[in-house]
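The structure file target_8.cif is reproduced below (mmCIF, C-alpha atoms).
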```cif
data_upload
loop_
_atom_site.label_atom_id
_atom_site.label_comp_id
_atom_site.auth_asym_id
_atom_site.auth_seq_id
_atom_site.Cartn_x
_atom_site.Cartn_y
_atom_site.Cartn_z
CA ILE A 1 5.83 10.49 8.79
CA ASN A 2 6.61 12.49 5.68
CA ALA A 3 7.09 16.05 4.45
CA GLU A 4 3.35 16.87 4.79
CA TYR A 5 4.01 16.91 8.52
CA MET A 6 5.27 20.51 8.34
CA GLY A 7 2.23 21.67 6.38
CA LEU A 8 -0.34 20.60 8.95
CA PRO A 9 -0.36 23.94 10.84
CA TRP A 10 -1.21 25.65 7.55
CA GLY A 11 -3.98 23.09 7.04
CA PHE A 12 -5.38 23.92 10.49
CA ALA A 13 -5.27 27.61 9.58
CA GLN A 14 -7.36 26.94 6.48
CA VAL A 15 -10.09 24.74 7.97
CA GLY A 16 -9.99 25.79 11.62
CA LEU A 17 -9.11 23.94 14.79
CA VAL A 18 -12.27 21.85 15.06
CA ALA A 19 -12.32 20.73 11.42
CA GLY A 20 -8.54 20.22 11.50
CA VAL A 21 -8.71 17.91 14.51
CA ALA A 22 -11.66 16.07 12.95
CA SER A 23 -9.76 15.65 9.67
CA VAL A 24 -6.70 14.16 11.36
CA VAL A 25 -8.82 11.74 13.42
CA LEU A 26 -10.93 10.75 10.42
CA TRP A 27 -7.96 9.99 8.16
CA ALA A 28 -6.22 8.13 10.96
CA LEU A 29 -9.26 5.88 11.37
CA LEU A 30 -9.62 5.38 7.61
CA SER A 31 -5.93 4.61 7.18
CA ASN A 32 -6.02 2.17 10.08
CA PHE A 33 -9.03 0.39 8.56
CA THR A 34 -7.66 0.22 5.01
CA VAL A 35 -4.20 -0.92 6.13
CA PHE A 36 -5.65 -3.70 8.28
CA LEU A 37 -8.02 -4.67 5.47
CA MET A 38 -5.05 -5.00 3.13
CA VAL A 39 -3.08 -7.05 5.65
CA ASP A 40 -6.07 -9.29 6.30
CA THR A 41 -6.53 -9.81 2.54
CA SER A 42 -2.86 -10.68 2.18
CA ARG A 43 -3.10 -13.23 5.00
CA THR A 44 -6.24 -14.77 3.50
CA THR A 45 -4.97 -15.03 -0.07
CA GLY A 46 -1.31 -15.69 0.73
CA ALA A 47 -0.24 -12.83 -1.55
CA PRO A 48 2.85 -11.22 0.06
CA THR A 49 2.97 -7.99 -1.97
CA TYR A 50 0.65 -5.14 -2.83
CA GLU A 51 0.42 -5.94 -6.54
CA LEU A 52 -0.21 -9.65 -5.94
CA VAL A 53 -3.13 -8.77 -3.70
CA ALA A 54 -4.49 -6.57 -6.50
CA GLU A 55 -3.96 -9.37 -9.03
CA HIS A 56 -5.84 -11.83 -6.84
CA ALA A 57 -8.74 -9.38 -6.44
CA TYR A 58 -9.02 -7.79 -9.89
CA GLY A 59 -6.98 -9.85 -12.34
CA ALA A 60 -3.60 -9.68 -14.06
CA SER A 61 -4.09 -6.21 -15.55
CA SER A 62 -4.42 -4.67 -12.09
CA LYS A 63 -0.99 -6.01 -11.15
CA LEU A 64 0.69 -3.84 -13.77
CA LEU A 65 -1.41 -0.83 -12.79
CA VAL A 66 -0.52 -1.15 -9.10
CA VAL A 67 3.19 -1.58 -9.85
CA CYS A 68 3.15 1.58 -11.97
CA LEU A 69 1.20 3.57 -9.38
CA VAL A 70 3.41 2.53 -6.46
CA GLY A 71 6.54 3.21 -8.50
CA ALA A 72 5.34 6.65 -9.60
CA LEU A 73 4.14 7.58 -6.11
CA THR A 74 7.34 6.62 -4.31
CA TRP A 75 9.51 8.12 -7.07
CA LEU A 76 7.82 11.52 -6.91
CA VAL A 77 7.80 11.53 -3.10
CA CYS A 78 11.52 10.75 -3.16
CA VAL A 79 12.13 13.70 -5.48
CA GLY A 80 10.09 16.05 -3.30
CA ASN A 81 11.81 14.93 -0.11
CA PHE A 82 15.24 15.17 -1.73
CA ILE A 83 14.56 18.76 -2.81
CA LEU A 84 13.32 19.63 0.68
CA VAL A 85 16.39 18.06 2.30
CA GLY A 86 18.63 20.09 0.00
CA GLN A 87 16.81 23.28 0.94
CA LEU A 88 17.06 22.52 4.66
CA LEU A 89 20.78 21.78 4.43
CA LEU A 90 21.26 24.99 2.43
CA GLU A 91 19.46 27.00 5.11
CA LEU A 92 21.49 25.35 7.87
CA ALA A 93 24.74 26.00 6.02
CA CYS A 94 23.86 29.67 5.47
CA THR A 95 22.91 30.05 9.14
CA LEU A 96 26.02 28.37 10.52
CA MET A 97 28.41 30.11 8.12
CA GLY A 98 26.76 33.50 8.53
CA HIS A 99 26.65 34.28 4.81
CA SER A 100 24.99 33.08 1.61
CA LEU A 101 26.44 30.29 -0.47
CA ASN A 102 27.07 30.47 -4.18
CA ALA A 103 23.75 30.37 -6.02
CA VAL A 104 25.05 27.74 -8.47
CA TRP A 105 27.17 25.25 -6.56
CA GLY A 106 25.65 25.82 -3.09
CA PRO A 107 22.39 23.95 -3.72
CA ARG A 108 24.25 21.28 -5.72
CA LEU A 109 26.68 20.70 -2.88
CA CYS A 110 23.82 20.31 -0.40
CA GLN A 111 22.12 17.79 -2.67
CA VAL A 112 25.34 15.80 -2.99
CA VAL A 113 25.74 15.74 0.79
CA ALA A 114 22.16 14.54 1.20
CA ALA A 115 22.68 11.84 -1.44
CA LEU A 116 25.87 10.60 0.23
CA CYS A 117 24.09 10.41 3.58
CA CYS A 118 21.20 8.41 2.11
CA PHE A 119 23.03 6.14 -0.34
CA PRO A 120 24.37 3.38 1.98
CA ARG A 121 20.94 2.72 3.49
CA CYS A 122 19.23 2.88 0.11
CA CYS A 123 21.15 -0.23 -0.97
CA ARG A 124 19.47 -2.42 1.65
CA THR A 125 17.06 -5.11 0.51
CA HIS A 126 14.83 -5.52 3.59
CA LEU A 127 12.99 -3.01 5.72
CA SER A 128 14.06 -4.84 8.88
CA SER A 129 17.63 -3.70 8.21
CA LEU A 130 16.47 -0.08 8.59
CA GLN A 131 15.52 -0.33 12.26
CA GLY A 132 18.29 2.03 13.33
CA THR A 133 17.29 4.72 10.85
CA SER A 134 13.65 4.34 11.88
CA MET A 135 14.56 4.98 15.51
CA ALA A 136 16.63 8.02 14.51
CA SER A 137 13.70 9.32 12.46
CA VAL A 138 11.26 8.97 15.36
CA LEU A 139 13.67 10.67 17.76
CA SER A 140 14.33 13.61 15.45
CA ILE A 141 10.64 14.11 14.68
CA CYS A 142 9.90 14.19 18.42
CA ILE A 143 12.56 16.88 18.85
CA LEU A 144 10.92 18.83 16.03
CA ALA A 145 7.52 18.51 17.71
CA ILE A 146 8.94 19.74 21.02
CA VAL A 147 10.42 22.82 19.34
CA VAL A 148 7.11 23.67 17.64
CA CYS A 149 5.25 23.18 20.93
CA ILE A 150 7.70 25.46 22.77
CA ARG A 151 7.16 28.24 20.24
CA GLY A 152 3.41 27.67 20.32
CA GLY A 153 3.40 27.93 24.11
CA GLN A 154 5.43 31.14 24.01
CA ALA A 155 3.03 32.70 21.51
CA TRP A 156 -0.15 31.61 23.29
CA GLN A 157 -2.26 34.30 24.93
CA TRP A 158 -5.85 33.85 26.11
CA SER A 159 -6.70 37.32 24.84
CA THR A 160 -5.91 36.28 21.27
CA ILE A 161 -8.02 33.12 21.22
CA THR A 162 -10.70 34.98 19.29
CA ASP A 163 -8.22 35.55 16.47
CA LEU A 164 -7.96 31.80 15.83
CA LYS A 165 -10.23 30.08 13.35
CA PHE A 166 -12.31 27.17 14.66
CA TRP A 167 -14.47 26.39 11.63
CA PRO A 168 -13.80 26.52 7.88
CA ASP A 169 -15.09 29.50 5.95
CA SER A 170 -16.48 27.23 3.22
CA TRP A 171 -16.56 23.63 2.06
CA GLN A 172 -13.92 24.52 -0.50
CA ASP A 173 -11.37 24.92 2.30
CA ILE A 174 -11.96 21.33 3.39
CA PHE A 175 -11.53 19.94 -0.12
CA TYR A 176 -8.50 22.19 -0.70
CA THR A 177 -6.67 20.73 2.30
CA LEU A 178 -7.86 17.18 1.68
CA PRO A 179 -4.60 16.00 0.00
CA LEU A 180 -2.56 17.40 2.92
CA PHE A 181 -4.41 15.50 5.65
CA CYS A 182 -4.85 12.38 3.54
CA GLY A 183 -1.24 12.29 2.33
CA SER A 184 0.08 12.52 5.89
CA PHE A 185 -1.10 8.95 6.52
CA VAL A 186 0.05 7.35 3.25
CA CYS A 187 2.15 4.33 4.19
CA HIS A 188 0.33 1.47 2.49
CA PHE A 189 3.13 0.51 0.08
CA ASN A 190 5.37 -0.52 3.01
CA VAL A 191 2.74 -2.27 5.12
CA LEU A 192 2.90 -5.73 3.57
CA PRO A 193 6.74 -5.89 3.52
CA VAL A 194 6.77 -4.90 7.20
CA HIS A 195 4.08 -7.48 7.95
CA SER A 196 6.07 -10.24 6.25
CA GLU A 197 9.15 -9.41 8.34
CA LEU A 198 7.42 -9.36 11.73
CA SER A 199 8.09 -12.11 14.27
CA HIS A 200 4.95 -14.22 14.81
CA PRO A 201 2.62 -11.86 12.91
CA THR A 202 -0.67 -13.10 14.34
CA ARG A 203 -3.85 -11.25 13.50
CA GLN A 204 -4.21 -9.74 16.97
CA ARG A 205 -0.55 -8.67 17.16
CA VAL A 206 -0.75 -7.00 13.77
CA LYS A 207 -3.93 -5.22 14.80
CA ARG A 208 -2.28 -3.90 17.98
CA VAL A 209 0.76 -2.69 16.03
CA LEU A 210 -1.45 -0.86 13.52
CA HIS A 211 -3.62 0.71 16.21
CA LEU A 212 -0.59 1.90 18.17
CA THR A 213 1.16 3.26 15.07
CA MET A 214 -1.85 5.20 13.80
CA PHE A 215 -2.64 6.53 17.28
CA ALA A 216 0.94 7.76 17.75
CA CYS A 217 1.01 9.44 14.32
CA ALA A 218 -2.39 11.07 14.83
CA LEU A 219 -1.39 12.37 18.26
CA LEU A 220 1.87 13.77 16.89
CA TYR A 221 0.06 15.40 13.97
CA LEU A 222 -2.53 16.97 16.27
CA VAL A 223 0.10 18.38 18.63
CA VAL A 224 2.21 19.87 15.83
CA GLY A 225 -0.79 21.10 13.86
CA VAL A 226 -2.38 22.92 16.79
CA ALA A 227 0.90 24.24 18.25
CA GLY A 228 2.16 25.41 14.86
CA TYR A 229 -1.11 27.18 14.10
CA VAL A 230 -1.17 28.86 17.52
CA SER A 231 2.44 30.02 17.14
CA ALA A 232 1.72 32.02 13.97
CA GLY A 233 -2.05 32.30 13.63
CA ALA A 234 -3.39 33.22 10.22
CA LEU A 235 0.14 34.09 9.07
CA VAL A 236 1.40 30.51 9.32
CA CYS A 237 3.26 29.41 6.19
CA ASP A 238 2.67 26.21 4.23
CA ASN A 239 5.92 25.04 5.86
CA VAL A 240 5.77 26.07 9.50
CA LEU A 241 9.58 26.25 9.70
CA LEU A 242 9.44 29.32 7.44
CA ASN A 243 7.86 31.16 10.39
CA PHE A 244 10.98 30.53 12.47
CA PRO A 245 13.70 33.19 12.09
CA THR A 246 17.00 31.81 10.86
CA THR A 247 18.76 33.47 13.79
CA ASP A 248 16.62 31.58 16.30
CA TRP A 249 18.30 28.55 17.87
CA ALA A 250 14.96 26.74 18.00
CA GLY A 251 14.47 27.24 14.28
CA THR A 252 17.93 25.88 13.57
CA VAL A 253 17.28 22.83 15.73
CA ALA A 254 13.91 22.29 14.06
CA ARG A 255 15.42 22.44 10.56
CA ALA A 256 18.19 20.05 11.53
CA ALA A 257 15.66 17.63 13.04
CA LEU A 258 13.49 17.71 9.93
CA ALA A 259 16.53 17.17 7.69
CA ILE A 260 17.54 14.14 9.76
CA THR A 261 13.98 12.81 9.61
CA LEU A 262 13.78 13.08 5.84
CA ILE A 263 17.25 11.59 5.32
CA THR A 264 16.45 8.61 7.54
CA ASN A 265 13.03 8.15 5.91
CA PHE A 266 14.45 8.31 2.41
CA PRO A 267 15.62 4.65 2.25
CA MET A 268 12.12 3.50 3.23
CA LEU A 269 10.82 5.26 0.11
CA VAL A 270 13.63 4.14 -2.17
CA LEU A 271 13.18 0.46 -1.30
CA PRO A 272 9.56 0.10 -2.59
CA CYS A 273 10.39 2.36 -5.54
CA ARG A 274 13.34 0.16 -6.47
CA HIS A 275 11.25 -2.99 -6.16
CA SER A 276 8.57 -1.48 -8.40
CA LEU A 277 11.17 -0.59 -11.05
CA GLU A 278 12.57 -4.13 -10.88
CA ARG A 279 9.10 -5.58 -11.44
CA LEU A 280 8.54 -3.18 -14.32
CA GLN A 281 11.80 -4.37 -15.82
CA ALA A 282 10.56 -7.95 -15.55
CA ILE A 283 7.34 -6.97 -17.31
CA LEU A 284 9.24 -5.21 -20.10
CA SER A 285 11.45 -8.25 -20.65
CA GLY A 286 8.42 -10.53 -20.78
CA PRO A 287 5.85 -11.14 -23.52
CA SER A 288 3.92 -7.92 -22.87
CA HIS A 289 2.36 -6.01 -25.76
CA TRP A 290 4.58 -3.38 -27.34
CA ILE A 291 2.03 -0.65 -26.60
CA VAL A 292 2.19 -1.43 -22.89
CA LYS A 293 5.98 -1.40 -22.99
CA GLY A 294 5.99 1.93 -24.80
CA ILE A 295 3.65 3.51 -22.27
CA ILE A 296 5.80 2.30 -19.36
CA VAL A 297 9.05 3.51 -20.93
CA GLY A 298 7.47 6.87 -21.80
CA ALA A 299 6.15 7.32 -18.26
CA VAL A 300 9.55 6.53 -16.74
CA VAL A 301 11.29 8.98 -19.10
CA ALA A 302 8.72 11.67 -18.28
CA MET A 303 9.25 11.18 -14.55
CA VAL A 304 13.03 11.36 -14.95
CA LEU A 305 12.81 14.58 -16.96
CA SER A 306 10.33 16.20 -14.58
CA SER A 307 12.50 15.18 -11.62
CA TYR A 308 15.56 16.72 -13.26
CA GLN A 309 13.65 19.94 -13.88
CA ALA A 310 12.47 20.04 -10.26
CA LEU A 311 15.98 19.45 -8.92
CA THR A 312 17.53 22.12 -11.16
CA HIS A 313 14.81 24.57 -10.13
CA MET A 314 16.44 24.63 -6.72
CA ASP A 315 19.22 26.81 -8.11
CA ARG A 316 16.84 29.75 -8.18
CA LEU A 317 15.92 29.47 -4.50
CA PRO A 318 17.34 32.32 -2.42
CA CYS A 319 19.26 31.76 0.77
CA PRO A 320 16.97 32.22 3.79
CA THR A 321 16.66 35.68 5.28
CA HIS A 322 15.52 36.87 8.68
CA THR A 323 11.82 36.47 9.38
CA PRO A 324 9.80 37.90 12.27
CA SER A 325 9.77 36.08 15.58
CA PRO A 326 6.92 33.55 15.93
CA SER A 327 5.76 35.20 19.13
CA SER A 328 4.96 38.37 17.19
CA PHE A 329 2.51 36.84 14.74
CA LEU A 330 -0.53 36.62 17.02
CA SER A 331 0.12 40.11 18.38
CA ARG A 332 -0.54 41.47 14.89
#
```
When written as structure tokens, how does the structure in this file appear?
Amino acid sequence: INAEYMGLPWGFAQVGLVAGVASVVLWALLSNFTVFLMVDTSRTTGAPTYELVAEHAYGASSKLLVVCLVGALTWLVCVGNFILVGQLLLELACTLMGHSLNAVWGPRLCQVVAALCCFPRCCRTHLSSLQGTSMASVLSICILAIVVCIRGGQAWQWSTITDLKFWPDSWQDIFYTLPLFCGSFVCHFNVLPVHSELSHPTRQRVKRVLHLTMFACALLYLVVGVAGYVSAGALVCDNVLLNFPTTDWAGTVARAALAITLITNFPMLVLPCRHSLERLQAILSGPSHWIVKGIIVGAVVAMVLSSYQALTHMDRLPCPTHTPSPSSFLSR
């Protein structure tokens, strides 16, 4: 479960309820199939990692490509989640203190707090050592779903059902929201490490775990997507929490729950990213061609610079202000 979770109500608003439900179910089935296919390939070939599976299937060059892609993906997701955590903590601080924080050191302080909360867990070497944080993440995301459902139930009126969209206006809406629905189920880079750390990972047990996990995620996504869309209608924001007034206790609880979820999920993104960087370091220290080494170093430098620019951009974000009550959106 990642940051795309809060954008699903907006996705439902773009494609409609029927197409939104169909998209979540379709990507859940596709993710379940591709994850199990990857696990089955790993068990057949004996390759324990993502890049070794790619090397066995497509040759040595694919190993480098997969390492770079996984490293870039997890790195950029880490940056995005870190920025979002900083924003959430800034909003919570402004709400609890009753006034805005300094535009310069306020966001920096929130980022430092988030980093200190994440750092101890980010130093772990195995995903099995993150069981406690995983349980905390699931609990907080359930609290967040309950809050969204409560606000959706309060805003629901049978007389306004005609104001909801059930079908997309065009095929462009489906393609426009494709990355949102697809990205919500991206977890493939952690599947093989989890599989290798399971007790007695038989084929049937792994299949049951995957089916249960994908079913739970799809159900959670459907509930939040539909409830969030109903709570605000066509006025739902790309982050449904922006539709919650900062003075609302439910909005404060929802922001705190999402911040806890992202902080506890962060080590599970850092771990594969760190492993990818370690493998890239091994490639750079080996007999690789200097052109390959130059491309890798240039890509890493570009990601670092772009990440720094994204993090410093947070200084220009205003402190949250009062927004209309969610129950008033459908009445408009």
- request: Name the residues, using the chain letters and numbers of the file, that sit within 12 Å of (8.9, -7.4, 8.9) when counting all atoms listed in the file, and give them as a count of residues only.
  value: 22
Give me, as an MDAnalysis selection string, all polymer residues having an atom no more than 7 Å from stretch 109-114 of chain A, counting only C-alpha atoms and skipping those fewer than 6 positions away in the same chain. chainID A and resid 85:86 89:90
Which one of A:Ala259, A:Leu222, A:Val70, A:Leu280 sits closest to A:Ser140 if you count all atoms listed in the file?
->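 Closest residue, counting all atoms listed in the file: A:Ala259.
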Determine the residue membership of the PyMOL selection byres ((chain A and resi 174) around 9) for the file above and supply it as a CSV table (one decimal) with C-alpha atoms, keeping the file's coordinate frame.
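Generated output (result.csv):
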```csv
chain,number,residue,atom,x,y,z
A,11,GLY,CA,-4.0,23.1,7.0
A,14,GLN,CA,-7.4,26.9,6.5
A,15,VAL,CA,-10.1,24.7,8.0
A,19,ALA,CA,-12.3,20.7,11.4
A,20,GLY,CA,-8.5,20.2,11.5
A,23,SER,CA,-9.8,15.6,9.7
A,168,PRO,CA,-13.8,26.5,7.9
A,170,SER,CA,-16.5,27.2,3.2
A,171,TRP,CA,-16.6,23.6,2.1
A,172,GLN,CA,-13.9,24.5,-0.5
A,173,ASP,CA,-11.4,24.9,2.3
A,175,PHE,CA,-11.5,19.9,-0.1
A,176,TYR,CA,-8.5,22.2,-0.7
A,177,THR,CA,-6.7,20.7,2.3
A,178,LEU,CA,-7.9,17.2,1.7
```
Hey, could you make a per-residue contact list for stretch 47-122 of chain A against stretch 271-276 of chain A with 10 Å as the cut-off, showing the nearest pair of atoms and its distance in Å to one decimal, counting all atoms listed in the file, sorted by chain and number, as CSV?
```
residue,atom,partner,partner_atom,distance
A:Glu51,CA,A:Ser276,CA,9.5
A:Leu64,CA,A:Ser276,CA,9.8
A:Val66,CA,A:Ser276,CA,9.1
A:Val67,CA,A:Ser276,CA,5.6
A:Cys68,CA,A:Ser276,CA,7.2
A:Leu69,CA,A:Ser276,CA,9.0
A:Val70,CA,A:Ser276,CA,6.8
A:Gly71,CA,A:Cys273,CA,4.9
A:Ala72,CA,A:Cys273,CA,7.8
A:Leu73,CA,A:Cys273,CA,8.2
A:Thr74,CA,A:Cys273,CA,5.4
A:Trp75,CA,A:Cys273,CA,6.0
A:Leu76,CA,A:Cys273,CA,9.6
A:Val77,CA,A:Cys273,CA,9.8
A:Cys78,CA,A:Cys273,CA,8.8
A:Arg121,CA,A:Leu271,CA,9.4
A:Cys122,CA,A:Leu271,CA,6.7
```
Taken to one decimal, the atom CA of A:Gly233-atom CA of A:Trp156 distance is 9.9 Å
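Take the PyMOL selection byres ((chain A and resi 118) around 8) and apply it to this file: it picks A:Ala114, A:Ala115, A:Leu116, A:Cys117, A:Phe119, A:Pro120, A:Arg121, A:Cys122, A:Ile263, A:Thr264, A:Phe266, A:Pro267.
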Please report the interatomic distance between atom CA of A:Val186 and atom CA of A:Glu278 in Å with one decimal.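 Here the two named atoms are 22.1 Å from each other.
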Margin query: So, with all atoms listed in the file as the atoms that count, which of A:Val18, A:Cys217, A:Leu84, A:Cys94 lies closest to A:Thr247?
Written below: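 The answer is A:Cys94, which sits nearest to A:Thr247.
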- request: Could you tell me which of A:Tyr221, A:Tyr50, A:Thr45, A:Gly183 comes closest to A:Ile141 if we count all atoms listed in the file?
  value: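 For A:Ile141, the nearest of the candidates is A:Tyr221.
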Care to translate the PyMOL selection byres ((chain A and resi 250) around 12) into actual residues of this file, as a ChimeraX atom specification?
/A:143-152,241,243-249,251-257,325-326
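The shortest atom-to-atom distance to A:Phe215, with only C-alpha atoms taken into account, belongs to A:Val24 out of A:Leu8, A:Ala13, A:Val24, A:Cys187.
Atom CA of A:Ile260 sits 24.3 Å away from atom CA of A:Pro179.
Comparing the minimum interatomic distances between A:Arg205 and each of A:Trp10, A:Glu91, A:Val25, A:Phe36, counting only C-alpha atoms, we find that A:Phe36 sits nearest.
Restricting the calculation to only C-alpha atoms, the smallest distance between A:Asp40 and any of A:Ala155, A:Val53, A:Ala28, A:Val223 is found for A:Val53.
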